$ cat entry10.tsv   # TSV, C-alpha atoms
chain	number	residue	atom	x	y	z
A	1	MET	CA	6.33	45.53	61.91
A	2	LEU	CA	7.61	43.02	64.49
A	3	SER	CA	10.15	40.25	63.97
A	4	LEU	CA	10.90	37.34	66.28
A	5	VAL	CA	14.20	35.63	65.45
A	6	ALA	CA	15.90	32.42	66.55
A	7	SER	CA	19.08	31.41	64.72
A	8	HIS	CA	22.24	29.33	64.82
A	9	HIS	CA	24.09	32.36	66.22
A	10	ASP	CA	22.44	31.84	69.62
A	11	LEU	CA	20.83	28.39	69.69
A	12	ASP	CA	21.75	24.76	69.07
A	13	LEU	CA	20.36	23.31	65.87
A	14	SER	CA	18.38	20.77	67.90
A	15	VAL	CA	16.48	23.65	69.51
A	16	LEU	CA	15.84	25.26	66.13
A	17	GLU	CA	14.56	21.93	64.85
A	18	ARG	CA	11.88	21.79	67.54
A	19	LEU	CA	10.94	25.45	67.20
A	20	SER	CA	10.42	24.93	63.45
A	21	ALA	CA	7.88	22.14	63.89
A	22	ASP	CA	4.83	22.57	61.61
A	23	THR	CA	6.07	25.92	60.34
A	24	HIS	CA	3.22	27.01	58.09
A	25	ALA	CA	0.51	25.95	60.50
A	26	VAL	CA	2.13	28.32	62.99
A	27	GLY	CA	1.66	31.28	60.63
A	28	ARG	CA	-2.01	30.50	60.02
A	29	GLU	CA	-2.73	29.92	63.69
A	30	ILE	CA	-1.07	33.16	64.76
A	31	VAL	CA	-3.02	35.30	62.29
A	32	THR	CA	-6.37	33.69	63.02
A	33	GLY	CA	-5.88	33.51	66.77
A	34	CYS	CA	-4.47	36.96	67.62
A	35	ALA	CA	-6.55	40.02	66.75
A	36	SER	CA	-3.56	42.38	66.88
A	37	ILE	CA	-1.62	40.40	64.21
A	38	SER	CA	-2.93	41.05	60.71
A	39	GLY	CA	-0.22	39.14	58.82
A	40	ALA	CA	2.68	36.74	59.26
A	41	VAL	CA	5.52	35.33	57.17
A	42	VAL	CA	7.50	32.44	58.66
A	43	LEU	CA	11.07	31.90	57.46
A	44	ALA	CA	12.40	28.51	58.55
A	45	THR	CA	15.67	27.21	57.10
A	46	CYS	CA	18.36	24.78	58.18
A	47	ASN	CA	19.82	27.36	60.56
A	48	ARG	CA	17.05	29.80	61.52
A	49	PHE	CA	13.42	30.16	62.57
A	50	GLU	CA	12.06	33.67	62.08
A	51	LEU	CA	8.60	35.24	62.15
A	52	TYR	CA	7.78	38.58	60.54
A	53	LEU	CA	4.52	40.00	61.83
A	54	ASP	CA	2.33	42.87	60.69
A	55	VAL	CA	1.04	44.18	64.03
A	56	GLU	CA	-1.82	46.66	64.13
A	57	ASP	CA	-0.13	48.98	66.66
A	58	ALA	CA	3.27	49.21	68.32
A	59	ALA	CA	1.55	48.99	71.68
A	60	ASP	CA	0.35	45.49	70.73
A	61	ALA	CA	3.86	44.12	70.16
A	62	GLU	CA	4.18	42.50	73.59
A	63	ALA	CA	0.78	40.80	73.32
A	64	ALA	CA	1.71	39.58	69.82
A	65	ARG	CA	4.98	38.15	71.11
A	66	ASP	CA	3.13	36.31	73.90
A	67	ALA	CA	0.63	34.88	71.40
A	68	VAL	CA	3.43	33.64	69.15
A	69	ALA	CA	5.33	32.09	72.07
A	70	ALA	CA	2.21	30.22	73.17
A	71	THR	CA	1.55	28.89	69.65
A	72	VAL	CA	5.15	27.80	69.03
A	73	ALA	CA	5.31	26.22	72.50
A	74	THR	CA	2.28	24.07	71.72
A	75	ARG	CA	3.81	22.88	68.44
A	76	SER	CA	7.36	22.37	69.74
A	77	GLY	CA	6.68	20.94	73.18
A	78	TYR	CA	8.88	23.56	74.85
A	79	PRO	CA	7.58	25.63	77.79
A	80	VAL	CA	6.24	29.05	76.80
A	81	GLU	CA	8.96	30.76	78.83
A	82	ARG	CA	11.73	28.97	76.92
A	83	VAL	CA	10.20	29.81	73.55
A	84	SER	CA	9.79	33.45	74.52
A	85	ALA	CA	13.43	33.63	75.62
A	86	ALA	CA	14.60	31.99	72.37
A	87	LEU	CA	12.78	34.45	70.07
A	88	ASP	CA	14.66	37.74	69.90
A	89	PRO	CA	12.18	40.59	69.18
A	90	ALA	CA	12.82	43.62	66.98
A	91	THR	CA	10.69	46.43	65.61
A	92	GLY	CA	11.07	49.24	63.10
A	93	PRO	CA	14.33	49.69	61.15
A	94	ARG	CA	15.98	46.72	62.91
A	95	VAL	CA	13.45	44.39	61.28
A	96	VAL	CA	14.22	45.74	57.82
A	97	GLU	CA	18.01	45.64	58.09
A	98	HIS	CA	18.00	42.16	59.59
A	99	LEU	CA	15.79	40.66	56.87
A	100	PHE	CA	17.85	42.36	54.15
A	101	ALA	CA	21.02	40.90	55.70
A	102	VAL	CA	19.43	37.44	55.94
A	103	ALA	CA	18.26	37.52	52.31
A	104	SER	CA	21.78	38.54	51.24
A	105	GLY	CA	23.37	35.57	53.03
A	106	LEU	CA	25.12	37.67	55.65
A	107	GLU	CA	23.50	35.91	58.61
A	108	SER	CA	23.88	32.37	57.27
A	109	MET	CA	25.99	29.55	58.63
A	110	VAL	CA	27.94	29.81	55.37
A	111	VAL	CA	28.23	33.57	54.85
A	112	GLY	CA	27.23	34.55	51.34
A	113	GLU	CA	25.29	31.35	50.63
A	114	ARG	CA	23.04	31.61	47.58
A	115	GLU	CA	20.16	29.33	48.66
A	116	ILE	CA	18.79	31.75	51.26
A	117	ALA	CA	17.51	34.25	48.68
A	118	GLY	CA	15.24	31.56	47.24
A	119	GLN	CA	14.13	30.52	50.72
A	120	VAL	CA	13.09	34.10	51.48
A	121	ARG	CA	11.04	34.23	48.27
A	122	ARG	CA	9.43	30.88	49.05
A	123	ALA	CA	8.51	32.01	52.57
A	124	LEU	CA	6.52	34.89	51.06
A	125	THR	CA	4.93	32.56	48.50
A	126	ALA	CA	3.88	30.19	51.30
A	127	ALA	CA	2.34	33.08	53.25
A	128	ARG	CA	0.38	34.09	50.15
A	129	ARG	CA	-0.86	30.52	49.76
A	130	ASP	CA	-1.88	30.37	53.42
A	131	GLY	CA	-3.55	33.79	53.25
A	132	THR	CA	-1.35	35.30	55.98
A	133	THR	CA	0.51	38.01	54.07
A	134	THR	CA	-0.35	41.73	53.93
A	135	SER	CA	0.64	44.57	51.61
A	136	ASP	CA	3.27	45.75	54.11
A	137	LEU	CA	4.79	42.27	54.40
A	138	GLU	CA	4.70	41.91	50.62
A	139	GLY	CA	6.59	45.18	50.23
A	140	LEU	CA	9.15	44.26	52.89
A	141	PHE	CA	9.97	40.81	51.46
A	142	GLN	CA	10.07	42.03	47.86
A	143	ALA	CA	12.46	44.78	48.95
A	144	ALA	CA	14.60	42.15	50.73
A	145	SER	CA	14.89	40.20	47.47
A	146	ARG	CA	15.94	43.39	45.65
A	147	ALA	CA	18.53	44.08	48.35
A	148	SER	CA	19.89	40.54	47.95
A	149	ARG	CA	20.32	41.08	44.20
A	150	ALA	CA	21.96	44.46	44.81
A	151	VAL	CA	24.47	42.87	47.19
A	152	GLU	CA	25.28	40.07	44.75
A	153	HIS	CA	25.70	42.43	41.81
A	154	GLY	CA	27.52	45.09	43.83
A	155	THR	CA	29.95	42.88	45.73
A	156	GLY	CA	29.95	39.46	44.06
A	157	LEU	CA	28.95	37.87	47.37
A	158	GLY	CA	26.83	34.84	46.51
A	159	ALA	CA	27.95	34.79	42.89
A	160	ALA	CA	30.88	32.57	43.90
A	161	GLY	CA	28.36	29.84	44.61
A	162	ARG	CA	29.14	29.32	48.28
A	163	SER	CA	26.50	27.15	49.86
A	164	VAL	CA	25.87	24.77	52.72
A	165	VAL	CA	26.04	21.77	50.40
A	166	GLY	CA	29.21	23.17	48.79
A	167	VAL	CA	31.01	23.39	52.13
A	168	ALA	CA	29.75	19.90	53.04
A	169	LEU	CA	31.09	18.46	49.78
A	170	ASP	CA	34.43	20.17	50.42
A	171	LEU	CA	34.65	18.43	53.80
A	172	VAL	CA	34.25	14.90	52.38
A	173	GLU	CA	35.96	15.37	49.01
A	174	ASP	CA	39.33	13.96	50.12
A	175	GLY	CA	37.82	10.60	51.02
A	176	LEU	CA	35.92	10.16	47.75
A	177	PRO	CA	36.99	8.87	44.33
A	178	ALA	CA	37.33	11.41	41.53
A	179	TRP	CA	33.98	13.17	41.11
A	180	ALA	CA	33.41	11.59	37.71
A	181	ASP	CA	33.58	8.18	39.41
A	182	VAL	CA	31.45	8.98	42.47
A	183	ARG	CA	28.13	7.20	42.79
A	184	CYS	CA	25.74	9.30	44.87
A	185	LEU	CA	22.38	8.61	46.48
A	186	LEU	CA	20.34	11.81	46.88
A	187	ILE	CA	17.54	11.56	49.46
A	188	GLY	CA	14.82	14.16	48.86
A	189	THR	CA	13.03	15.88	45.99
A	190	GLY	CA	12.42	19.40	47.28
A	191	SER	CA	14.05	22.68	46.32
A	192	TYR	CA	17.12	21.95	48.44
A	193	ALA	CA	17.53	18.58	46.76
A	194	GLY	CA	17.53	20.44	43.43
A	195	ALA	CA	20.25	22.78	44.68
A	196	SER	CA	22.27	19.83	45.98
A	197	LEU	CA	21.99	18.03	42.64
A	198	ALA	CA	23.17	21.16	40.83
A	199	ALA	CA	26.20	21.35	43.15
A	200	LEU	CA	27.03	17.70	42.50
A	201	LYS	CA	26.77	18.09	38.74
A	202	ALA	CA	28.92	21.22	38.85
A	203	ARG	CA	31.70	19.12	40.38
A	204	GLY	CA	31.37	16.44	37.70
A	205	CYS	CA	29.29	13.89	39.59
A	206	ALA	CA	26.90	12.41	37.00
A	207	ASP	CA	25.99	9.07	38.61
A	208	VAL	CA	23.19	10.23	40.94
A	209	VAL	CA	20.27	8.10	42.10
A	210	VAL	CA	17.32	9.86	43.76
A	211	TYR	CA	15.32	8.31	46.58
A	212	SER	CA	12.07	9.68	47.98
A	213	ALA	CA	10.05	8.12	50.79
A	214	SER	CA	7.02	10.01	49.44
A	215	GLY	CA	7.26	8.44	45.99
A	216	ARG	CA	8.20	11.60	44.06
A	217	ALA	CA	11.63	10.40	42.92
A	218	GLY	CA	10.47	9.39	39.43
A	219	GLN	CA	9.24	12.81	38.36
A	220	PHE	CA	12.16	14.64	40.02
A	221	ALA	CA	14.72	12.35	38.34
A	222	ALA	CA	13.07	12.48	34.91
A	223	GLN	CA	13.06	16.28	34.90
A	224	ARG	CA	16.76	16.45	35.79
A	225	GLY	CA	18.26	13.60	33.81
A	226	VAL	CA	19.18	11.34	36.70
A	227	THR	CA	17.94	7.94	37.93
A	228	ALA	CA	15.12	7.24	40.36
A	229	ALA	CA	15.81	4.71	43.10
A	230	THR	CA	13.58	1.79	43.95
A	231	ALA	CA	11.32	1.85	46.99
A	232	ASP	CA	13.90	-0.27	48.85
A	233	LEU	CA	16.31	2.20	50.43
A	234	ALA	CA	18.77	-0.50	51.53
A	235	ALA	CA	18.99	-1.79	47.95
A	236	SER	CA	19.50	1.75	46.67
A	237	LEU	CA	22.55	2.13	48.91
A	238	ALA	CA	24.43	-0.66	47.10
A	239	GLY	CA	27.69	0.56	45.59
A	240	VAL	CA	27.21	4.14	46.80
A	241	ASP	CA	30.17	6.36	47.73
A	242	LEU	CA	28.18	9.37	48.89
A	243	VAL	CA	24.74	9.98	50.41
A	244	VAL	CA	23.28	13.50	50.41
A	245	ALA	CA	20.13	13.62	52.54
A	246	CYS	CA	17.97	16.75	52.43
A	247	SER	CA	14.33	15.64	52.38
A	248	GLY	CA	13.25	17.47	55.52
A	249	ALA	CA	10.95	14.59	56.42
A	250	SER	CA	9.73	14.24	59.97
A	251	GLY	CA	12.02	11.60	61.42
A	252	ALA	CA	15.07	9.79	60.11
A	253	VAL	CA	14.81	8.41	56.57
A	254	LEU	CA	18.15	6.61	56.70
A	255	ASP	CA	18.53	4.55	59.85
A	256	VAL	CA	21.35	2.35	61.08
A	257	ASP	CA	19.62	-0.93	60.20
A	258	ALA	CA	19.13	-0.01	56.53
A	259	LEU	CA	22.75	1.01	56.20
A	260	ILE	CA	24.02	-2.11	57.99
A	261	ARG	CA	21.99	-4.30	55.63
A	262	ALA	CA	23.35	-2.47	52.58
A	263	ARG	CA	26.95	-2.66	53.73
A	264	SER	CA	26.62	-6.29	54.85
A	265	ALA	CA	25.60	-7.23	51.31
A	266	GLU	CA	28.86	-5.67	50.08
A	267	ALA	CA	31.02	-7.19	52.80
A	268	SER	CA	32.23	-10.06	50.62
A	269	LEU	CA	33.49	-7.51	48.10
A	270	GLY	CA	34.94	-5.25	50.77
A	271	ALA	CA	32.63	-2.43	51.79
A	272	ARG	CA	33.86	0.86	50.38
A	273	PRO	CA	34.21	4.02	52.51
A	274	LEU	CA	30.96	5.97	52.63
A	275	ALA	CA	30.39	9.70	53.18
A	276	VAL	CA	26.94	10.72	54.43
A	277	LEU	CA	25.79	14.36	54.39
A	278	ASP	CA	22.71	15.08	56.53
A	279	LEU	CA	21.64	18.57	55.44
A	280	ALA	CA	18.15	18.49	56.94
A	281	LEU	CA	17.37	20.46	60.09
A	282	GLN	CA	15.01	17.68	61.19
A	283	HIS	CA	17.58	14.91	60.78
A	284	ASP	CA	17.16	12.70	57.71
A	285	VAL	CA	19.92	10.42	59.02
A	286	ASP	CA	20.07	8.65	62.36
A	287	PRO	CA	23.14	10.16	64.11
A	288	ALA	CA	24.21	6.63	65.09
A	289	VAL	CA	25.08	6.07	61.41
A	290	GLY	CA	28.29	7.99	62.08
A	291	ASP	CA	29.43	5.26	64.49
A	292	LEU	CA	29.50	2.56	61.80
A	293	PRO	CA	32.96	1.54	60.58
A	294	GLY	CA	33.97	3.13	57.30
A	295	VAL	CA	31.17	5.73	57.45
A	296	ARG	CA	31.80	9.45	57.80
A	297	LEU	CA	28.74	11.49	58.79
A	298	VAL	CA	28.67	15.26	58.23
A	299	SER	CA	25.67	17.10	59.71
A	300	LEU	CA	24.66	20.73	60.00
A	301	THR	CA	26.35	20.79	63.40
A	302	THR	CA	29.60	19.73	61.74
A	303	LEU	CA	29.13	22.45	59.14
A	304	ALA	CA	28.53	25.11	61.78
A	305	GLU	CA	31.93	24.26	63.25
A	306	SER	CA	33.63	24.23	59.83
A	307	ALA	CA	31.94	27.13	58.03
A	308	PRO	CA	34.32	29.64	56.37
A	309	ASP	CA	35.10	32.90	58.12
A	310	GLY	CA	32.59	35.67	57.47
A	311	HIS	CA	34.95	38.55	58.29
A	312	SER	CA	36.30	39.79	54.99
A	313	ALA	CA	36.43	43.04	53.04
A	314	THR	CA	33.70	41.74	50.71
A	315	VAL	CA	31.41	40.92	53.63
A	316	ALA	CA	32.02	44.35	55.16
A	317	GLU	CA	31.18	45.96	51.84
A	318	ALA	CA	28.00	43.86	51.62
A	319	ARG	CA	26.92	44.92	55.12
A	320	THR	CA	27.39	48.56	54.17
A	321	LEU	CA	25.28	48.05	51.08
A	322	VAL	CA	22.57	46.30	53.11
A	323	ALA	CA	22.47	49.23	55.53
A	324	GLU	CA	22.09	51.64	52.61
A	325	GLN	CA	19.32	49.55	51.07
A	326	ALA	CA	17.49	49.34	54.40
A	327	ASP	CA	17.79	53.11	54.93
A	328	ALA	CA	16.41	53.79	51.45
A	329	TYR	CA	13.48	51.45	52.14
A	330	GLU	CA	12.72	53.21	55.43
A	331	ARG	CA	12.82	56.61	53.74
A	332	ALA	CA	10.42	55.40	51.06
A	333	GLN	CA	8.09	54.02	53.74
A	334	ARG	CA	8.06	57.33	55.61
A	335	THR	CA	7.27	59.14	52.38
A	336	ARG	CA	4.36	56.80	51.68
A	337	GLN	CA	3.05	57.27	55.21
A	338	TRP	CA	2.95	61.04	54.71
A	339	ASN	CA	1.43	60.90	51.24
A	340	PRO	CA	-2.20	60.92	52.50
A	341	PRO	CA	-1.92	64.18	54.50
A	342	VAL	CA	0.02	65.87	51.66
A	343	VAL	CA	-2.62	64.78	49.16
A	344	ALA	CA	-5.36	65.93	51.55
A	345	GLU	CA	-3.83	69.42	51.77
A	346	ARG	CA	-3.57	69.67	47.99
A	347	ARG	CA	-7.18	68.56	47.67
A	348	ARG	CA	-8.30	71.20	50.21
A	349	VAL	CA	-6.54	73.98	48.28
A	350	LEU	CA	-7.93	72.77	44.95
A	351	GLU	CA	-11.44	72.57	46.38
A	352	ASP	CA	-11.07	76.18	47.59
A	353	LEU	CA	-9.85	77.02	44.10
A	354	ALA	CA	-12.98	75.53	42.57
A	355	THR	CA	-15.09	77.72	44.83
A	356	ALA	CA	-13.04	80.80	43.96
A	357	ALA	CA	-13.32	80.08	40.24
A	358	GLU	CA	-17.12	80.12	40.31
A	359	GLY	CA	-18.46	83.03	38.29
A	360	LEU	CA	-15.22	83.47	36.31
A	361	ASP	CA	-15.20	82.98	32.58
A	362	GLU	CA	-13.50	79.80	31.32
A	363	ARG	CA	-10.29	81.55	30.32
A	364	ALA	CA	-9.86	83.23	33.69
A	365	ALA	CA	-10.74	80.01	35.56
A	366	ARG	CA	-8.22	78.02	33.54
A	367	SER	CA	-5.50	80.64	34.25
A	368	LEU	CA	-6.31	80.55	37.97
A	369	ARG	CA	-6.11	76.74	38.09
A	370	ARG	CA	-2.75	76.79	36.26
A	371	ARG	CA	-1.25	79.40	38.62
A	372	THR	CA	-2.53	77.59	41.71
A	373	ARG	CA	-1.15	74.20	40.65
A	374	SER	CA	2.18	75.84	39.89
A	375	ALA	CA	2.19	77.47	43.30
A	376	LEU	CA	1.40	74.12	44.96
A	377	HIS	CA	4.35	72.34	43.37
A	378	GLY	CA	7.07	73.83	45.59
A	379	PRO	CA	5.32	73.20	48.94
A	380	THR	CA	4.41	69.65	47.84
A	381	VAL	CA	8.01	68.80	46.98
A	382	ARG	CA	9.25	70.28	50.27
A	383	ALA	CA	6.60	68.35	52.23
A	384	ARG	CA	7.64	65.05	50.64
A	385	ALA	CA	11.34	65.81	51.25
A	386	ALA	CA	10.65	66.64	54.88

$ encode --input "entry10.tsv" --output "structure tokens"
Amino acid sequence: MLSLVASHHDLDLSVLERLSADTHAVGREIVTGCASISGAVVLATCNRFELYLDVEDAADAEAARDAVAATVATRSGYPVERVSAALDPATGPRVVEHLFAVASGLESMVVGEREIAGQVRRALTAARRDGTTTSDLEGLFQAASRASRAVEHGTGLGAAGRSVVGVALDLVEDGLPAWADVRCLLIGTGSYAGASLAALKARGCADVVVYSASGRAGQFAAQRGVTAATADLAASLAGVDLVVACSGASGAVLDVDALIRARSAEASLGARPLAVLDLALQHDVDPAVGDLPGVRLVSLTTLAESAPDGHSATVAEARTLVAEQADAYERAQRTRQWNPPVVAERRRVLEDLATAAEGLDERAARSLRRRTRSALHGPTVRARAA
């Protein structure tokens, strides 16, 4: 197993945005274009771009890395050398422990965030849909989800509901009316928009209008008891106190002109302060929006600078638990790898037994089989333990 990791720990979010271009096409292209890679799962979130690869042989790892760098370079527009330098490789137990830590929220911009567990599950689902997963990748990602649940249940990390959108809402809360009076425009209808809506409702914000450039706002809003916006984004911005943008569309959905038009229409009434949260890695909001008077723009870069400290006793306990979970997974994998030779040895002895039992009456043959199987039990257990 080979992993190639780029994250907010080492790279600017603008670099991650370009590396993440056309994520799922990358997985398909890698598997079909490189004979040594039998499977791939791509995990791309707002603060990381990671590839988990099932490589035929450890000796093929370097060739697999080169193939991935070439594919990602073509999609991102970066030189191959820059992509290769950005993707940190790991093999063996390091892959397992890192993915378990990621799924548990320990490597997130907001340590302990709860959204990442769902993103890990969806990455595996996408690989299944694209036909790029393998039994080993299935086992690894399912074990990562179990580790995430073990960390949450064992430490409470994640149960507190810390999230990227939660920290973003904390940052702008002081400049907003009481949550019950806030009028919010939510841009996007994907899974992250659902999580953002849940966070808003949990704070008491009930006046939410949903906008989607793709036309999916009606169904999303009807299923969640909120209002769908019209196709005119500028009109939808009228009277809004807060914009939460998380559509992940390619290119800015909310540009300066649309916001100027909306605020100009309110000028006679006195344009109210506006908080804009851009939670999409590929910016939903033109950064120039933050230069408009009365507008406060919070982006993922802002959040990276403001994220809560991840050095606590609970986090240390969670990391210990992740290490234990990863070690248990590795032990189980080693046991499974040695099952075939152990089974082969048992089969050889039992085949010799069948030969030895020829010519014996049924009672004697049955007694011989029972004694032999009993004698095999101890060596089998010791072999598995070893």

$ residues_near_point --input "entry10.tsv" --point "(15.9, 45.5, 49.3)" --cutoff "10 Å" --atoms "only C-alpha atoms" --output "NGL selection string"
:A and (96-97 or 99-101 or 103-104 or 139-151 or 321-329)

$ closest_residue --input "entry10.tsv" --among "A:Thr189, A:Ser299, A:Thr230, A:Ser38" --to "Val55 in chain A" --atoms "only C-alpha atoms"
A:Ser38

$ atom_distance --input "entry10.tsv" --atom1 "CA of Gly204 in chain A" --atom2 "CA of Ala228 in chain A"
18.9 Å

$ atom_distance --input "entry10.tsv" --atom1 "CA of Ala63 in chain A" --atom2 "CA of Ala6 in chain A"
18.6 Å

$ atom_distance --input "entry10.tsv" --atom1 "CA of Ile37 in chain A" --atom2 "CA of Arg331 in chain A"
24.1 Å

$ residues_around --input "entry10.tsv" --residues "Thr45 in chain A" --least-positions-apart "3" --cutoff "10 Å" --atoms "all atoms listed in the file" --output "PyMOL selection string"
chain A and resi 7+16-17+20+42+48-50+108+115-116+119-120+123+280-281

$ closest_residue --input "entry10.tsv" --among "A:Arg319, A:Arg129, A:Arg114, A:Arg369" --to "His98 in chain A" --atoms "all atoms listed in the file"
A:Arg319

$ residues_near_point --input "entry10.tsv" --point "(6.3, 44.7, 60.7)" --cutoff "8 Å" --atoms "all atoms listed in the file" --output "list in words"
Met1, Leu2, Ser3, Tyr52, Leu53, Asp54, Val55, Thr91, Gly92, Val95, Asp136 and Leu137 of chain A

$ residues_around --input "entry10.tsv" --residues "Pro341 in chain A" --least-positions-apart "6" --cutoff "12 Å" --atoms "all atoms listed in the file" --output "MDAnalysis selection string"
chainID A and resid 335 347:348 380 383:384

$ write_last_selection --input "entry10.tsv" --atoms "C-alpha atoms" --output "tab-separated table (two decimals), in the frame of the given file"
chain	number	residue	atom	x	y	z
A	335	THR	CA	7.27	59.14	52.38
A	347	ARG	CA	-7.18	68.56	47.67
A	348	ARG	CA	-8.30	71.20	50.21
A	380	THR	CA	4.41	69.65	47.84
A	383	ALA	CA	6.60	68.35	52.23
A	384	ARG	CA	7.64	65.05	50.64

$ residues_around --input "entry10.tsv" --residues "range 29-32 of chain A" --least-positions-apart "3" --cutoff "9 Å" --atoms "only C-alpha atoms" --output "number ranges by chain"
A: 24-26, 35-40, 53, 64, 67-68, 71, 132

$ decode --input "entry10.tsv" --residues "range 243-261 of chain A" --atoms "N, CA and C atoms" --output "mmCIF file, in the first residue's frame"
data_model
loop_
_atom_site.group_PDB
_atom_site.id
_atom_site.type_symbol
_atom_site.label_atom_id
_atom_site.label_comp_id
_atom_site.auth_asym_id
_atom_site.auth_seq_id
_atom_site.Cartn_x
_atom_site.Cartn_y
_atom_site.Cartn_z
ATOM 1 N N VAL A 243 -23.731 35.039 4.441
ATOM 2 C CA VAL A 243 -23.636 34.144 3.285
ATOM 3 C C VAL A 243 -22.673 33.023 3.653
ATOM 4 N N VAL A 244 -23.116 31.775 3.477
ATOM 5 C CA VAL A 244 -22.250 30.611 3.665
ATOM 6 C C VAL A 244 -22.136 29.924 2.312
ATOM 7 N N ALA A 245 -20.948 29.959 1.725
ATOM 8 C CA ALA A 245 -20.738 29.428 0.378
ATOM 9 C C ALA A 245 -19.889 28.169 0.447
ATOM 10 N N CYS A 246 -20.445 27.057 -0.023
ATOM 11 C CA CYS A 246 -19.722 25.779 0.036
ATOM 12 C C CYS A 246 -20.172 24.867 -1.104
ATOM 13 N N SER A 247 -20.278 25.406 -2.306
ATOM 14 C CA SER A 247 -20.764 24.606 -3.431
ATOM 15 C C SER A 247 -19.652 23.781 -4.067
ATOM 16 N N GLY A 248 -18.411 24.282 -3.975
ATOM 17 C CA GLY A 248 -17.311 23.558 -4.608
ATOM 18 C C GLY A 248 -17.344 23.650 -6.120
ATOM 19 N N ALA A 249 -18.069 24.617 -6.659
ATOM 20 C CA ALA A 249 -18.133 24.789 -8.104
ATOM 21 C C ALA A 249 -16.774 25.245 -8.634
ATOM 22 N N SER A 250 -16.567 25.034 -9.912
ATOM 23 C CA SER A 250 -15.320 25.476 -10.527
ATOM 24 C C SER A 250 -15.449 26.950 -10.888
ATOM 25 N N GLY A 251 -14.802 27.799 -10.121
ATOM 26 C CA GLY A 251 -14.915 29.235 -10.344
ATOM 27 C C GLY A 251 -15.858 29.882 -9.350
ATOM 28 N N ALA A 252 -15.694 31.191 -9.179
ATOM 29 C CA ALA A 252 -16.468 31.922 -8.176
ATOM 30 C C ALA A 252 -17.950 31.968 -8.552
ATOM 31 N N VAL A 253 -18.803 31.655 -7.576
ATOM 32 C CA VAL A 253 -20.248 31.749 -7.756
ATOM 33 C C VAL A 253 -20.707 33.161 -7.395
ATOM 34 N N LEU A 254 -20.152 33.689 -6.317
ATOM 35 C CA LEU A 254 -20.493 35.038 -5.861
ATOM 36 C C LEU A 254 -19.357 35.982 -6.242
ATOM 37 N N ASP A 255 -19.622 36.860 -7.195
ATOM 38 C CA ASP A 255 -18.587 37.810 -7.595
ATOM 39 C C ASP A 255 -18.906 39.203 -7.054
ATOM 40 N N VAL A 256 -17.978 40.102 -7.242
ATOM 41 C CA VAL A 256 -18.104 41.452 -6.698
ATOM 42 C C VAL A 256 -19.308 42.174 -7.294
ATOM 43 N N ASP A 257 -19.507 42.026 -8.612
ATOM 44 C CA ASP A 257 -20.591 42.763 -9.272
ATOM 45 C C ASP A 257 -21.953 42.394 -8.708
ATOM 46 N N ALA A 258 -22.186 41.082 -8.497
ATOM 47 C CA ALA A 258 -23.480 40.643 -7.959
ATOM 48 C C ALA A 258 -23.713 41.216 -6.573
ATOM 49 N N LEU A 259 -22.661 41.251 -5.770
ATOM 50 C CA LEU A 259 -22.822 41.763 -4.411
ATOM 51 C C LEU A 259 -23.012 43.281 -4.417
ATOM 52 N N ILE A 260 -22.308 43.975 -5.312
ATOM 53 C CA ILE A 260 -22.477 45.430 -5.401
ATOM 54 C C ILE A 260 -23.908 45.766 -5.806
ATOM 55 N N ARG A 261 -24.448 45.006 -6.778
ATOM 56 C CA ARG A 261 -25.823 45.263 -7.212
ATOM 57 C C ARG A 261 -26.804 45.056 -6.063
#
